[in-house]
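Next up, data28.cif (mmCIF, C-alpha atoms and all ligand atoms):
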```
data_my_file
loop_
_atom_site.group_PDB
_atom_site.id
_atom_site.type_symbol
_atom_site.label_atom_id
_atom_site.label_comp_id
_atom_site.auth_asym_id
_atom_site.auth_seq_id
_atom_site.Cartn_x
_atom_site.Cartn_y
_atom_site.Cartn_z
ATOM 1 C CA MET L 1 93.966 111.775 68.616
ATOM 2 C CA ILE L 2 95.782 109.829 71.359
ATOM 3 C CA GLU L 3 99.509 110.547 71.738
ATOM 4 C CA THR L 4 101.803 107.590 72.478
ATOM 5 C CA ILE L 5 104.743 108.621 74.682
ATOM 6 C CA THR L 6 107.804 106.415 75.278
ATOM 7 C CA GLU L 7 110.285 108.897 76.841
ATOM 8 C CA LEU L 8 109.959 110.247 80.372
ATOM 9 C CA ASP L 9 111.088 113.756 79.335
ATOM 10 C CA ALA L 10 108.301 113.902 76.738
ATOM 11 C CA LEU L 11 105.730 112.713 79.283
ATOM 12 C CA ARG L 12 106.863 115.343 81.788
ATOM 13 C CA ALA L 13 106.764 118.090 79.135
ATOM 14 C CA ARG L 14 103.233 117.120 78.097
ATOM 15 C CA VAL L 15 101.856 116.892 81.651
ATOM 16 C CA ASN L 16 103.629 120.117 82.761
ATOM 17 C CA GLY L 17 102.192 121.902 79.732
ATOM 18 C CA TRP L 18 98.667 120.841 80.710
ATOM 19 C CA LYS L 19 99.243 121.883 84.327
ATOM 20 C CA ARG L 20 100.524 125.307 83.229
ATOM 21 C CA GLU L 21 97.225 125.740 81.384
ATOM 22 C CA GLY L 22 95.459 124.996 84.681
ATOM 23 C CA LEU L 23 94.190 121.593 83.509
ATOM 24 C CA ARG L 24 93.636 118.698 85.932
ATOM 25 C CA VAL L 25 95.382 115.474 84.976
ATOM 26 C CA GLY L 26 93.843 112.024 85.484
ATOM 27 C CA PHE L 27 95.710 108.715 85.340
ATOM 28 C CA VAL L 28 94.724 105.086 84.728
ATOM 29 C CA PRO L 29 97.604 102.608 85.177
ATOM 30 C CA THR L 30 97.156 99.259 83.396
ATOM 31 C CA MET L 31 99.052 96.181 82.295
ATOM 32 C CA GLY L 32 97.415 96.290 78.859
ATOM 33 C CA ASN L 33 95.183 93.751 77.106
ATOM 34 C CA LEU L 34 92.458 96.228 77.839
ATOM 35 C CA HIS L 35 88.721 95.534 78.086
ATOM 36 C CA ALA L 36 85.545 97.420 78.969
ATOM 37 C CA GLY L 37 86.565 97.475 82.654
ATOM 38 C CA HIS L 38 89.701 99.497 81.845
ATOM 39 C CA TYR L 39 87.845 101.786 79.475
ATOM 40 C CA SER L 40 85.268 102.519 82.183
ATOM 41 C CA LEU L 41 88.186 103.681 84.395
ATOM 42 C CA VAL L 42 89.347 106.079 81.670
ATOM 43 C CA MET L 43 85.796 107.446 81.440
ATOM 44 C CA LEU L 44 85.653 107.751 85.237
ATOM 45 C CA ALA L 45 88.978 109.626 85.339
ATOM 46 C CA ARG L 46 87.652 111.927 82.619
ATOM 47 C CA GLN L 47 84.829 113.002 84.928
ATOM 48 C CA TYR L 48 87.418 114.255 87.445
ATOM 49 C CA ALA L 49 90.117 115.532 85.094
ATOM 50 C CA ASP L 50 90.563 117.593 81.928
ATOM 51 C CA ARG L 51 93.206 115.289 80.455
ATOM 52 C CA VAL L 52 93.732 111.555 80.985
ATOM 53 C CA VAL L 53 96.978 109.595 80.746
ATOM 54 C CA SER L 54 96.923 105.801 80.742
ATOM 55 C CA SER L 55 99.987 103.596 81.083
ATOM 56 C CA VAL L 56 100.540 100.094 79.762
ATOM 57 C CA PHE L 57 103.335 98.266 81.561
ATOM 58 C CA VAL L 58 103.408 94.561 82.381
ATOM 59 C CA ASN L 59 105.204 94.903 85.686
ATOM 60 C CA PRO L 60 107.617 92.023 86.381
ATOM 61 C CA THR L 61 107.931 92.772 90.117
ATOM 62 C CA GLN L 62 104.295 91.940 90.903
ATOM 63 C CA PHE L 63 104.371 88.434 89.394
ATOM 64 C CA GLY L 64 105.536 85.435 91.433
ATOM 65 C CA PRO L 65 108.134 83.034 89.987
ATOM 66 C CA ASN L 66 105.472 80.544 88.843
ATOM 67 C CA GLU L 67 102.958 83.124 87.615
ATOM 68 C CA ASP L 68 102.041 84.246 84.116
ATOM 69 C CA PHE L 69 104.434 87.210 83.509
ATOM 70 C CA THR L 70 105.853 85.913 80.225
ATOM 71 C CA ARG L 71 102.524 84.704 78.823
ATOM 72 C CA TYR L 72 100.498 87.710 80.055
ATOM 73 C CA PRO L 73 98.603 88.818 76.904
ATOM 74 C CA ARG L 74 100.116 91.813 75.098
ATOM 75 C CA THR L 75 97.844 93.576 72.572
ATOM 76 C CA PRO L 76 99.337 97.059 71.967
ATOM 77 C CA GLU L 77 97.404 98.006 68.824
ATOM 78 C CA ALA L 78 93.956 97.113 70.142
ATOM 79 C CA ASP L 79 94.814 98.838 73.443
ATOM 80 C CA THR L 80 95.765 102.094 71.695
ATOM 81 C CA THR L 81 92.574 102.110 69.599
ATOM 82 C CA GLY L 82 90.413 101.292 72.617
ATOM 83 C CA LEU L 83 92.016 103.954 74.814
ATOM 84 C CA GLU L 84 91.472 106.572 72.145
ATOM 85 C CA GLY L 85 87.814 105.552 71.879
ATOM 86 C CA ALA L 86 87.434 105.856 75.656
ATOM 87 C CA GLY L 87 88.754 109.438 75.602
ATOM 88 C CA CYS L 88 92.348 108.921 76.741
ATOM 89 C CA ASP L 89 94.712 111.732 75.687
ATOM 90 C CA ALA L 90 98.108 110.113 76.180
ATOM 91 C CA LEU L 91 99.392 106.543 76.391
ATOM 92 C CA TRP L 92 102.556 106.198 78.499
ATOM 93 C CA LEU L 93 104.637 103.166 77.542
ATOM 94 C CA PRO L 94 107.639 102.809 79.857
ATOM 95 C CA THR L 95 110.227 100.092 79.265
ATOM 96 C CA VAL L 96 111.445 97.712 81.991
ATOM 97 C CA GLU L 97 114.851 99.482 81.794
ATOM 98 C CA SER L 98 113.357 102.958 82.296
ATOM 99 C CA MET L 99 111.051 101.743 85.089
ATOM 100 C CA TYR L 100 113.833 99.930 86.945
ATOM 101 C CA PRO L 101 117.075 101.762 85.997
ATOM 102 C CA PHE L 102 119.168 99.766 88.520
ATOM 103 C CA GLY L 103 117.518 96.497 87.494
ATOM 104 C CA VAL L 104 114.656 94.669 89.177
ATOM 105 C CA ASP L 105 116.882 93.138 91.896
ATOM 106 C CA LEU L 106 118.227 96.525 93.049
ATOM 107 C CA ALA L 107 114.919 98.388 92.725
ATOM 108 C CA ALA L 108 113.828 100.407 95.775
ATOM 109 C CA SER L 109 110.706 98.637 97.002
ATOM 110 C CA ILE L 110 107.576 99.911 98.736
ATOM 111 C CA ASN L 111 105.892 97.749 101.366
ATOM 112 C CA VAL L 112 102.569 98.665 102.956
ATOM 113 C CA PRO L 113 102.500 96.459 106.074
ATOM 114 C CA GLY L 114 99.444 94.619 107.362
ATOM 115 C CA ILE L 115 96.870 94.980 104.617
ATOM 116 C CA SER L 116 99.388 93.707 102.007
ATOM 117 C CA GLU L 117 99.935 90.449 103.866
ATOM 118 C CA VAL L 118 96.416 88.962 104.082
ATOM 119 C CA LEU L 119 94.288 87.217 101.391
ATOM 120 C CA GLU L 120 95.980 87.971 98.010
ATOM 121 C CA GLY L 121 99.188 88.863 99.857
ATOM 122 C CA ALA L 122 99.196 85.520 101.691
ATOM 123 C CA HIS L 123 98.653 83.578 98.448
ATOM 124 C CA ARG L 124 100.937 85.750 96.313
ATOM 125 C CA PRO L 125 103.834 86.758 98.605
ATOM 126 C CA GLY L 126 105.454 90.019 97.494
ATOM 127 C CA HIS L 127 102.674 90.790 95.021
ATOM 128 C CA PHE L 128 101.568 94.054 96.641
ATOM 129 C CA ASP L 129 105.182 95.167 97.160
ATOM 130 C CA GLY L 130 105.528 94.879 93.374
ATOM 131 C CA VAL L 131 102.246 96.746 92.799
ATOM 132 C CA CYS L 132 103.142 99.556 95.235
ATOM 133 C CA THR L 133 106.667 99.793 93.841
ATOM 134 C CA VAL L 134 105.460 100.269 90.279
ATOM 135 C CA VAL L 135 102.485 102.486 91.162
ATOM 136 C CA THR L 136 104.806 104.796 93.151
ATOM 137 C CA ARG L 137 107.103 105.056 90.137
ATOM 138 C CA LEU L 138 104.169 105.663 87.787
ATOM 139 C CA PHE L 139 102.791 108.350 90.120
ATOM 140 C CA ASN L 140 106.208 110.064 90.169
ATOM 141 C CA GLN L 141 106.475 109.825 86.381
ATOM 142 C CA VAL L 142 102.960 111.021 85.508
ATOM 143 C CA GLN L 143 102.321 113.281 88.545
ATOM 144 C CA PRO L 144 98.534 113.104 88.153
ATOM 145 C CA ASP L 145 95.962 114.956 90.248
ATOM 146 C CA VAL L 146 93.644 111.950 90.276
ATOM 147 C CA ALA L 147 94.095 108.232 89.534
ATOM 148 C CA ALA L 148 91.507 105.480 88.955
ATOM 149 C CA PHE L 149 91.769 101.803 89.958
ATOM 150 C CA GLY L 150 89.204 99.034 89.480
ATOM 151 C CA LYS L 151 87.210 97.662 92.408
ATOM 152 C CA LYS L 152 87.586 94.119 91.064
ATOM 153 C CA ASP L 153 91.022 94.245 92.677
ATOM 154 C CA PHE L 154 89.416 95.255 95.973
ATOM 155 C CA GLN L 155 92.501 94.628 98.088
ATOM 156 C CA GLN L 156 94.807 96.378 95.598
ATOM 157 C CA LEU L 157 92.623 99.488 95.817
ATOM 158 C CA ALA L 158 92.711 99.339 99.646
ATOM 159 C CA VAL L 159 96.507 98.906 99.671
ATOM 160 C CA ILE L 160 96.974 101.820 97.267
ATOM 161 C CA ARG L 161 94.665 104.081 99.275
ATOM 162 C CA GLN L 162 96.683 103.288 102.414
ATOM 163 C CA MET L 163 99.977 103.915 100.581
ATOM 164 C CA VAL L 164 98.762 107.240 99.184
ATOM 165 C CA THR L 165 97.684 108.416 102.648
ATOM 166 C CA ASP L 166 100.799 107.085 104.375
ATOM 167 C CA LEU L 167 103.259 108.580 101.862
ATOM 168 C CA ALA L 168 101.190 111.777 101.394
ATOM 169 C CA PHE L 169 100.894 111.543 97.625
ATOM 170 C CA PRO L 170 98.861 114.603 96.523
ATOM 171 C CA ILE L 171 96.637 112.359 94.383
ATOM 172 C CA GLU L 172 92.916 111.669 94.698
ATOM 173 C CA ILE L 173 92.209 107.930 94.306
ATOM 174 C CA LEU L 174 88.999 106.829 92.561
ATOM 175 C CA GLY L 175 87.532 103.305 92.646
ATOM 176 C CA GLY L 176 85.765 102.207 89.453
ATOM 177 C CA GLY L 177 82.853 99.727 89.633
ATOM 178 C CA ILE L 178 83.305 96.132 88.441
ATOM 179 C CA VAL L 179 82.296 95.565 84.812
ATOM 180 C CA ARG L 180 80.809 92.109 84.178
ATOM 181 C CA GLU L 181 80.038 89.778 81.300
ATOM 182 C CA SER L 182 76.333 89.002 80.748
ATOM 183 C CA ASP L 183 76.525 85.890 82.969
ATOM 184 C CA GLY L 184 78.118 87.866 85.810
ATOM 185 C CA LEU L 185 81.784 86.921 85.321
ATOM 186 C CA ALA L 186 83.928 89.951 86.224
ATOM 187 C CA MET L 187 85.900 91.174 83.217
ATOM 188 C CA SER L 188 89.581 90.331 83.440
ATOM 189 C CA SER L 189 92.462 89.925 81.019
ATOM 190 C CA ARG L 190 92.929 86.457 82.518
ATOM 191 C CA ASN L 191 89.431 85.281 81.453
ATOM 192 C CA GLN L 192 90.835 84.459 78.018
ATOM 193 C CA TYR L 193 92.968 81.717 79.582
ATOM 194 C CA LEU L 194 89.712 79.842 80.352
ATOM 195 C CA GLY L 195 88.968 76.910 78.048
ATOM 196 C CA ALA L 196 85.559 76.786 76.335
ATOM 197 C CA ASP L 197 84.685 73.867 78.646
ATOM 198 C CA GLU L 198 85.650 75.939 81.735
ATOM 199 C CA ARG L 199 84.047 79.260 80.817
ATOM 200 C CA PRO L 200 80.406 78.455 81.870
ATOM 201 C CA ALA L 201 81.540 77.365 85.368
ATOM 202 C CA ALA L 202 83.426 80.657 85.864
ATOM 203 C CA ALA L 203 80.093 82.452 86.418
ATOM 204 C CA GLU L 204 79.658 80.409 89.610
ATOM 205 C CA ILE L 205 81.953 82.881 91.386
ATOM 206 C CA ARG L 206 79.416 85.687 91.063
ATOM 207 C CA ARG L 207 76.524 83.430 92.106
ATOM 208 C CA THR L 208 78.519 82.328 95.156
ATOM 209 C CA LEU L 209 79.259 85.943 96.136
ATOM 210 C CA LEU L 210 75.531 86.738 95.980
ATOM 211 C CA ALA L 211 74.747 83.666 98.112
ATOM 212 C CA MET L 212 77.394 84.768 100.661
ATOM 213 C CA ARG L 213 75.827 88.214 100.950
ATOM 214 C CA ASP L 214 72.327 86.739 101.269
ATOM 215 C CA GLY L 215 73.523 84.311 103.940
ATOM 216 C CA ILE L 216 75.099 87.039 106.088
ATOM 217 C CA VAL L 217 72.127 89.383 105.609
ATOM 218 C CA ALA L 218 69.808 86.524 106.671
ATOM 219 C CA GLY L 219 71.809 86.220 109.916
ATOM 220 C CA ARG L 220 73.796 83.047 109.217
ATOM 221 C CA SER L 221 77.223 82.805 110.836
ATOM 222 C CA ARG L 222 80.286 83.939 108.884
ATOM 223 C CA GLY L 223 81.950 80.547 109.348
ATOM 224 C CA THR L 224 78.934 78.690 107.902
ATOM 225 C CA VAL L 225 78.624 81.090 104.967
ATOM 226 C CA GLU L 226 82.342 80.859 104.118
ATOM 227 C CA ALA L 227 82.392 77.047 104.401
ATOM 228 C CA GLU L 228 79.294 76.761 102.206
ATOM 229 C CA ALA L 229 80.859 79.084 99.588
ATOM 230 C CA SER L 230 84.056 76.994 99.460
ATOM 231 C CA ARG L 231 82.029 73.780 99.158
ATOM 232 C CA ARG L 232 79.923 75.216 96.366
ATOM 233 C CA LEU L 233 82.949 76.417 94.389
ATOM 234 C CA THR L 234 84.799 73.126 94.884
ATOM 235 C CA GLU L 235 81.751 71.233 93.584
ATOM 236 C CA ALA L 236 81.749 73.497 90.509
ATOM 237 C CA GLY L 237 85.351 72.475 89.786
ATOM 238 C CA PHE L 238 87.363 75.266 91.440
ATOM 239 C CA ALA L 239 90.430 74.977 93.669
ATOM 240 C CA VAL L 240 89.590 77.657 96.248
ATOM 241 C CA ASP L 241 92.284 79.969 97.699
ATOM 242 C CA TYR L 242 89.753 81.856 99.833
ATOM 243 C CA ALA L 243 86.046 82.659 100.028
ATOM 244 C CA VAL L 244 85.615 85.047 102.937
ATOM 245 C CA VAL L 245 83.512 87.863 104.370
ATOM 246 C CA ARG L 246 85.452 90.873 105.643
ATOM 247 C CA ARG L 247 85.025 94.484 106.694
ATOM 248 C CA PRO L 248 86.002 96.993 103.972
ATOM 249 C CA ASP L 249 89.398 97.371 105.753
ATOM 250 C CA LEU L 250 89.727 93.569 105.318
ATOM 251 C CA GLY L 251 89.533 92.971 109.076
ATOM 252 C CA GLN L 252 87.422 90.009 110.258
ATOM 253 C CA PRO L 253 83.969 91.159 111.394
ATOM 254 C CA ASP L 254 82.637 89.859 114.712
ATOM 255 C CA GLU L 255 79.625 87.546 114.571
ATOM 256 C CA GLY L 256 76.495 89.600 113.780
ATOM 257 C CA GLU L 257 78.523 92.836 113.499
ATOM 258 C CA ALA L 258 76.583 95.630 111.739
ATOM 259 C CA GLY L 259 78.090 97.835 109.024
ATOM 260 C CA ALA L 260 79.550 97.510 105.550
ATOM 261 C CA LYS L 261 80.927 94.138 104.430
ATOM 262 C CA VAL L 262 82.642 92.653 101.427
ATOM 263 C CA ALA L 263 82.721 89.042 100.260
ATOM 264 C CA LEU L 264 85.934 88.132 98.448
ATOM 265 C CA ILE L 265 86.776 85.040 96.413
ATOM 266 C CA ALA L 266 89.991 83.836 94.801
ATOM 267 C CA ALA L 267 89.810 80.457 93.113
ATOM 268 C CA LYS L 268 91.457 78.554 90.294
ATOM 269 C CA LEU L 269 89.611 76.909 87.452
ATOM 270 C CA GLY L 270 92.170 74.654 85.794
ATOM 271 C CA LYS L 271 95.247 76.870 85.428
ATOM 272 C CA THR L 272 93.311 80.158 85.543
ATOM 273 C CA ARG L 273 93.186 82.045 88.833
ATOM 274 C CA LEU L 274 90.140 84.329 89.134
ATOM 275 C CA ILE L 275 89.289 86.911 91.805
ATOM 276 C CA ASP L 276 86.056 88.788 92.435
ATOM 277 C CA ASN L 277 84.200 90.481 95.257
ATOM 278 C CA LEU L 278 80.855 91.919 96.297
ATOM 279 C CA GLU L 279 80.313 94.873 98.628
ATOM 280 C CA TRP L 280 77.148 95.616 100.597
HETATM 281 O O1 LIG R 301 95.750 96.438 88.304
HETATM 282 C C1 LIG R 301 96.701 96.381 87.502
HETATM 283 O O2 LIG R 301 96.522 96.219 86.290
HETATM 284 C C2 LIG R 301 98.120 96.491 88.031
HETATM 285 O O3 LIG R 301 98.253 95.885 89.271
HETATM 286 C C3 LIG R 301 98.631 97.949 88.077
HETATM 287 C C4 LIG R 301 97.838 98.788 89.052
HETATM 288 C C5 LIG R 301 98.565 98.559 86.691
HETATM 289 C C6 LIG R 301 100.105 97.969 88.537
HETATM 290 O O4 LIG R 301 100.923 97.248 87.663
#
```
Output the file's structure in the form of C-alpha cells.
Amino acid sequence: MIETITELDALRARVNGWKREGLRVGFVPTMGNLHAGHYSLVMLARQYADRVVSSVFVNPTQFGPNEDFTRYPRTPEADTTGLEGAGCDALWLPTVESMYPFGVDLAASINVPGISEVLEGAHRPGHFDGVCTVVTRLFNQVQPDVAAFGKKDFQQLAVIRQMVTDLAFPIEILGGGIVRESDGLAMSSRNQYLGADERPAAAEIRRTLLAMRDGIVAGRSRGTVEAEASRRLTEAGFAVDYAVVRRPDLGQPDEGEAGAKVALIAAKLGKTRLIDNLEW
C-alpha cells in the first residue's frame, strides 16, 4: 500500500527508518498527471533501490510567465493509484509554501551555467534554474541514494547530471528510456492539449528525428539535415523552435565528426509545445 506524505518531518522519519534498516532509497520527482513514462521511471528506480519515493509538485519556478503553470493538468487520484501499481512506496506531496518558505521571489536559486542556456534554456529563459532549484530542494527533502529522470527531457537530464557532480550530491542519477505511443509520439502530459485534428501530425516529430539520424549517418552535412528537418516540420504544421544535431554534451559536432550524437526537436503544434530527441 502506497503511503501519501504531506509533512517534511514524516518524510524524513520514513526515509531515515528505511536507511537505518540498511535499505537503499530511490526517488522519482514528477509534476503529476502521470503516464506510462513516469511509471517506467518508478520501475527503473526499483531495480536500483529497495524503496521508492515519488514526488508530485507542479513547480511554479520552472514555468515562464506565458506558460501553462495554472492549466497544467492535476490528477492526484489517478496518480496515486498508478504509482502504487508501479511499485512506489511513498508519495511525497509538498506544498508551494513548504517548498519555498520565503516565497518564490526570495527563494535561493541554483544556476548551472552553460548547458542551461542553450536550446530549451534559450527558448525558456530561467527554466533550468527553476528545475535545478526545485530538484535541489527535493533531493534535500528526500535524501535518496538514487534518482531517475526521463530521457525525453534530454537536456534536463544533462543539466541535472552536471549539477549533481558540481554540487557533490551523493546521489546516483539514472536516465529512463523514452516511452512512446504506437505512432511514435513520445508520451508527455502535454500531449492531451493536442486537438483531435492536431494529434496525427504530432507523430511527424519522431519521423523527422529518424530522418535526421539517417541523414547524418549517410554522411549529409549537419546544416542540410537540420534545415531539411525544420522544413519538414513546418510543412506538417509546426512552428519550430529548434531541430538540431548535437553531441551528448549538447556541443555542436564538427562536420563529419565521429562519436555519439543526439537529434533534438522542440516545436509547437497550435498552442502545444512538444519536445523529443533521438540518440545514436
Ligand atoms: O521533469 C519534470 O517533470 C520536472 O522538470 C521535475 C524534474 C519534476 C522538476 O519539477
Hits from the PyMOL selection byres (((not hetatm)) within 8 of (chain R and resi 301)), listed as a PDB file with C-alpha atoms, keeping the file's coordinate frame:
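The result, stored in part.pdb:
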```
ATOM      1  CA  VAL L  28      94.724 105.086  84.728  1.00  0.00           C
ATOM      2  CA  PRO L  29      97.604 102.608  85.177  1.00  0.00           C
ATOM      3  CA  THR L  30      97.156  99.259  83.396  1.00  0.00           C
ATOM      4  CA  MET L  31      99.052  96.181  82.295  1.00  0.00           C
ATOM      5  CA  GLY L  32      97.415  96.290  78.859  1.00  0.00           C
ATOM      6  CA  SER L  55      99.987 103.596  81.083  1.00  0.00           C
ATOM      7  CA  VAL L  56     100.540 100.094  79.762  1.00  0.00           C
ATOM      8  CA  PHE L  57     103.335  98.266  81.561  1.00  0.00           C
ATOM      9  CA  VAL L  58     103.408  94.561  82.381  1.00  0.00           C
ATOM     10  CA  ASN L  59     105.204  94.903  85.686  1.00  0.00           C
ATOM     11  CA  GLN L  62     104.295  91.940  90.903  1.00  0.00           C
ATOM     12  CA  GLY L 130     105.528  94.879  93.374  1.00  0.00           C
ATOM     13  CA  VAL L 131     102.246  96.746  92.799  1.00  0.00           C
ATOM     14  CA  CYS L 132     103.142  99.556  95.235  1.00  0.00           C
ATOM     15  CA  VAL L 134     105.460 100.269  90.279  1.00  0.00           C
ATOM     16  CA  VAL L 135     102.485 102.486  91.162  1.00  0.00           C
ATOM     17  CA  PHE L 149      91.769 101.803  89.958  1.00  0.00           C
ATOM     18  CA  GLY L 150      89.204  99.034  89.480  1.00  0.00           C
ATOM     19  CA  ASP L 153      91.022  94.245  92.677  1.00  0.00           C
ATOM     20  CA  GLN L 156      94.807  96.378  95.598  1.00  0.00           C
TER      21      GLN L 156
END
```
Which residues would end up in the selection if the PyMOL selection byres (((chain L and resi 201) around 9) and not hetatm) were applied here, given that I need the answer as a PyMOL selection string?
chain L and resi 197-200+202-205+236-238+269
Skipping near chain neighbours, those fewer than 3 positions away, what residues fall within 12 Å of stretch 179-185 of chain L using all atoms listed in the file, listed as a ChimeraX atom specification?
/L:35-41,150-153,176,188-192,194,199-210,274-278
Keeping C-alpha atoms, export the residues of the selection given above as a PDB file, in the coordinates of the input.
```pdb
ATOM      1  CA  HIS L  35      88.721  95.534  78.086  1.00  0.00           C
ATOM      2  CA  ALA L  36      85.545  97.420  78.969  1.00  0.00           C
ATOM      3  CA  GLY L  37      86.565  97.475  82.654  1.00  0.00           C
ATOM      4  CA  HIS L  38      89.701  99.497  81.845  1.00  0.00           C
ATOM      5  CA  TYR L  39      87.845 101.786  79.475  1.00  0.00           C
ATOM      6  CA  SER L  40      85.268 102.519  82.183  1.00  0.00           C
ATOM      7  CA  LEU L  41      88.186 103.681  84.395  1.00  0.00           C
ATOM      8  CA  GLY L 150      89.204  99.034  89.480  1.00  0.00           C
ATOM      9  CA  LYS L 151      87.210  97.662  92.408  1.00  0.00           C
ATOM     10  CA  LYS L 152      87.586  94.119  91.064  1.00  0.00           C
ATOM     11  CA  ASP L 153      91.022  94.245  92.677  1.00  0.00           C
ATOM     12  CA  GLY L 176      85.765 102.207  89.453  1.00  0.00           C
ATOM     13  CA  SER L 188      89.581  90.331  83.440  1.00  0.00           C
ATOM     14  CA  SER L 189      92.462  89.925  81.019  1.00  0.00           C
ATOM     15  CA  ARG L 190      92.929  86.457  82.518  1.00  0.00           C
ATOM     16  CA  ASN L 191      89.431  85.281  81.453  1.00  0.00           C
ATOM     17  CA  GLN L 192      90.835  84.459  78.018  1.00  0.00           C
ATOM     18  CA  LEU L 194      89.712  79.842  80.352  1.00  0.00           C
ATOM     19  CA  ARG L 199      84.047  79.260  80.817  1.00  0.00           C
ATOM     20  CA  PRO L 200      80.406  78.455  81.870  1.00  0.00           C
ATOM     21  CA  ALA L 201      81.540  77.365  85.368  1.00  0.00           C
ATOM     22  CA  ALA L 202      83.426  80.657  85.864  1.00  0.00           C
ATOM     23  CA  ALA L 203      80.093  82.452  86.418  1.00  0.00           C
ATOM     24  CA  GLU L 204      79.658  80.409  89.610  1.00  0.00           C
ATOM     25  CA  ILE L 205      81.953  82.881  91.386  1.00  0.00           C
ATOM     26  CA  ARG L 206      79.416  85.687  91.063  1.00  0.00           C
ATOM     27  CA  ARG L 207      76.524  83.430  92.106  1.00  0.00           C
ATOM     28  CA  THR L 208      78.519  82.328  95.156  1.00  0.00           C
ATOM     29  CA  LEU L 209      79.259  85.943  96.136  1.00  0.00           C
ATOM     30  CA  LEU L 210      75.531  86.738  95.980  1.00  0.00           C
ATOM     31  CA  LEU L 274      90.140  84.329  89.134  1.00  0.00           C
ATOM     32  CA  ILE L 275      89.289  86.911  91.805  1.00  0.00           C
ATOM     33  CA  ASP L 276      86.056  88.788  92.435  1.00  0.00           C
ATOM     34  CA  ASN L 277      84.200  90.481  95.257  1.00  0.00           C
ATOM     35  CA  LEU L 278      80.855  91.919  96.297  1.00  0.00           C
TER      36      LEU L 278
END
```
Name the residues captured by the PyMOL selection byres (((chain L and resi 8) around 9) and not hetatm) when it is applied to the shown file; answer as a compact mmCIF listing (two decimals) with C-alpha atoms, in the coordinates of the input.
```txt
# COMPACT_ATOMS: atom_id res chain seq x y z
CA ILE L 5 104.74 108.62 74.68
CA THR L 6 107.80 106.42 75.28
CA GLU L 7 110.28 108.90 76.84
CA ASP L 9 111.09 113.76 79.33
CA ALA L 10 108.30 113.90 76.74
CA LEU L 11 105.73 112.71 79.28
CA ARG L 12 106.86 115.34 81.79
CA ALA L 13 106.76 118.09 79.14
CA TRP L 92 102.56 106.20 78.50
CA PRO L 94 107.64 102.81 79.86
CA SER L 98 113.36 102.96 82.30
CA GLN L 141 106.48 109.82 86.38
CA VAL L 142 102.96 111.02 85.51
```
Would you work out the distance separating atom CA of L:Ala266 from atom CA of L:Pro65, expressed in Å to one decimal?
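These two atoms are separated by 18.8 Å.
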Minimum-distance residue to L:Gly215, chosen among L:Pro60, L:Gly26, L:Gly87, L:Gly256 (using all atoms listed in the file):
L:Gly256
Go through L:Thr272, L:Asn140, L:Ser221, L:Ser109 one by one, measure the shortest atom-to-atom distance of each to L:Pro253 using all atoms listed in the file, and give the residue with the smallest value.
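For L:Pro253, the nearest of the given residues is L:Ser221.
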